[in-house]
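To start, the structure under review is shown below, and the notes come after it.
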Amino acid sequence: MTLQGSEPIDVADIEVSLEDIIDRDALSELCRSTQALFGIGVRVFTSDGTLLGGAAPEHEVCAYVGTLPAARIACRSIVATVRTTAADDDVVHPCFTGQAYRISPIVFDGRNVGRVVIGPFGPHGMPDLPKSFTEVDGRLDVGRAKSLLATVPRVKVHTLDRIVEHFKLALDLILFSGHKAFVTSKMHLHSVRESYRELEEKTATLEQSYTRLKELDRLKSIFLATVSHELRTPLTSIIGYSELLTGGIGGELSPEHREYAETIHRNGEHLLGLISGLLDFSKLESGTFSLHAASLQIGPVLDDVVKTMRPSADKRKVRLELEIDDTPCELAADADRLRQVFLNLMENALKFTPDGGTVRVSSRVIEQADDDADVGAAILAPVRRAVEVRVSDTGIGIPEGERGRVFDPFYQVDSSATRKFGGTGLGLSIVRRIVEAHGGSVRVEGNVPTGAVFVVELPSAVAQRSATSQLPPPPK
Ligand SMILES: Nc1ncnc2c1ncn2[C@@H]1O[C@H](COP(=O)(O)OP(=O)(O)OP(=O)(O)O)[C@@H](O)[C@H]1O
Ligand SMILES: [Mg+2]
């Protein structure tokens with residue numbers, strides 16, 4: 001099992017090396033205190049001979065050996081052998097000076113992970129000047145060598161065993177706590193990697209779904225646009241010919257036939273309205289919808305919309321009120337699209353208001369607070385002006401819980417088959433998209449005592465320009 005695997009990690013599977021788990025500072029301290037206590041050098045090596053730590057000041061004999069060329073070479077060869085000797089059991093390696101090194105394996109978790117080298121020391125019973133020493137280099141000063149050797153501490157085997165045992169016990173403690181920290185960090189790393197991997201998998205799945213949904217959405221918009229367009233062409237001739245018939249251009253009609261032709265014409269117009277809505281919606285969805293912004297005041301737009309709606313309102317005895325704030329406020333907007341927004345809102349207001357009710361359209365110029373600016377910046381920032389238009393009615397109103405959803409495409413508060421009001425549920429979603437394309441916002445509130453109020457806020461041309469200039473540069 002690997003650490004990268006998706007299964008839970010098993011502590012026993014974590015292979016450790018001496019370098020991974022040893023605390024170097026604690027090891028140096030242990031070597032220093034052992035050397036200071038017993039006067040013998042100690043070094044710790046990994047199983048491949050890398051020195052991890054130690055304390056072994058050079059003895060005078062060794063310093064003297066270092067001054068004799070042939071002896072120096074022999075000394076180096078011994079040191080190299082000691083360093084690389086892999087020992088499964090304690091071994092003693094002799095030096096030509098008569099001194100020796102004790103090599104003892106470090107076993108952790110049942111595995112040989114390195115070794116402790118103690119020495120050089122004088123073994124108990126070491127001769128005053130062994131023959132191997134006198135023969136190693138022709139330039140050897142025998143007297144000096146002998147007197148220096150006499151100062152080397154002699155250690156009995158039993159004592160050395162105790163020193164090694166003491167050292168390894170202390171080393172075990174260091175390894176144990178190091179191992180604990182190592183395993184904990186490995187497990188932590190494993191779980192982080194695991195979470196990261198899961199996250200990556202989920203992100204990839206989400207990305208795939210997102211791409212697929214985007215593609216479906218695009219296909220849906222293309223489908224809607226094509227269907228709407230194809231339906232509109234034959235419908236235009238249905239409307240046109242039914243109009244000709246009702247106008248008597250194709251010959252005088254009986255009252256009954258005229259009524260049929262009028263019904264065809266009326267329903268054709270209604271269908272055209274629905275199809276135009278679908279077409280607009282699909283254009284807005286696919287981003288192929290364009291605004292032709294020009295400088296304008298809101299007053300004439302609202303005036304025009306109210307005039308258009310007045311005949312239907314009169315027919316239903318609904319009072320239509322218009323109140324426009326005279327304060328001039330220049331908008332940079334597409335007049336046709338704004339007309340479409342307020343026609344939609346007024347059509348709704350009329351549709352959902354019983355006969356004899358009131359629909360009121362009012363506009364005023366407001367100053368908007370910059371939510372993003374901090375206190376200081378807000379004081380210095382230019383005031384952002386906007387036009388607020390309220391379309392209110394005294395109709396059935398929209399329950400509070402539904403107000404957030406009425407702007408969703410195809411959403412209708414009562415979608416039952418017995419619903420008495422017509423429509424596709426696209427009007428408000430088109431309204432919201434057009435208003436947002438102008439940098440504005442739309443929301444719905446409740447009217448008192450009954451009815452709905454749609455509030456549209458459109459930023460002034462100046463505010464719109466400054467908002468656009470604050471946008472980050474488009475990605476390259
Ligand atoms: N003034 C209003 N009073 C009460 N309910 C409203 C009002 N305006 C909208 N609604 C509710 O919000 C729904 C969505 O309105 P929207 O204009 O999007 O669709 P629609 O009028 O049903 O159809 P369409 O506008 O596409 O012909 C409506 O069906 C209605 O339930
Ligand atoms: Mg509508």
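Letters A, B, ... go to the chains of the structure tokens in the order shown; residues in each chain start at 1; ligands are counted from 1 in the same order.
Proximal residues of ligand 2 are Asn344, Leu345, Glu347, Asn348, Gly423, Gly425, Leu426, Gly427 and Leu428 of chain A, by a cut-off of 7 Å on only C-alpha atoms and all ligand atoms.
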Self-check item: Near-stretch 315-330 of chain A list (12 Å; only C-alpha atoms; drop same-chain fewer than 5 positions) as a PyMOL selection string
Solution: chain A and resi 293-310+346-347+349-367+384-395+458-465
Practice problem: Name the closest residue to ligand 1 among the candidates A:Gly404, A:Gly138, A:Gly110, A:Gly39; distances are taken between atoms, counting only C-alpha atoms and all ligand atoms. | Solution: A:Gly404
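Pairwise distance (atom CA of A:Pro57, atom CA of A:Arg115) equals 19.2 Å.
The interatomic distance for the pair atom CA of A:Ile21 and atom CA of A:His179 works out to 5.0 Å.
Using only C-alpha atoms and all ligand atoms, the smallest distance between any of A:Thr233, A:Ser312, A:Ser429, A:Thr203 and ligand 1 comes from A:Ser429.
For the pair atom CA of A:Leu253 and atom CA of A:Leu235, the interatomic distance is 22.0 Å.
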Quiz item: DSSP on the backbone: what in stretch 115-273 of chain A comes out alpha helix (DSSP H), as a VMD selection string?
Solution: chain A and resid 131 to 136 142 to 150 157 to 246 255 to 273
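Of the residues under consideration (A:Leu284, A:Gly268, A:Gly247, A:Val136), A:Gly268 shows the shortest atom-to-atom contact distance to A:Pro234 when counting only C-alpha atoms.
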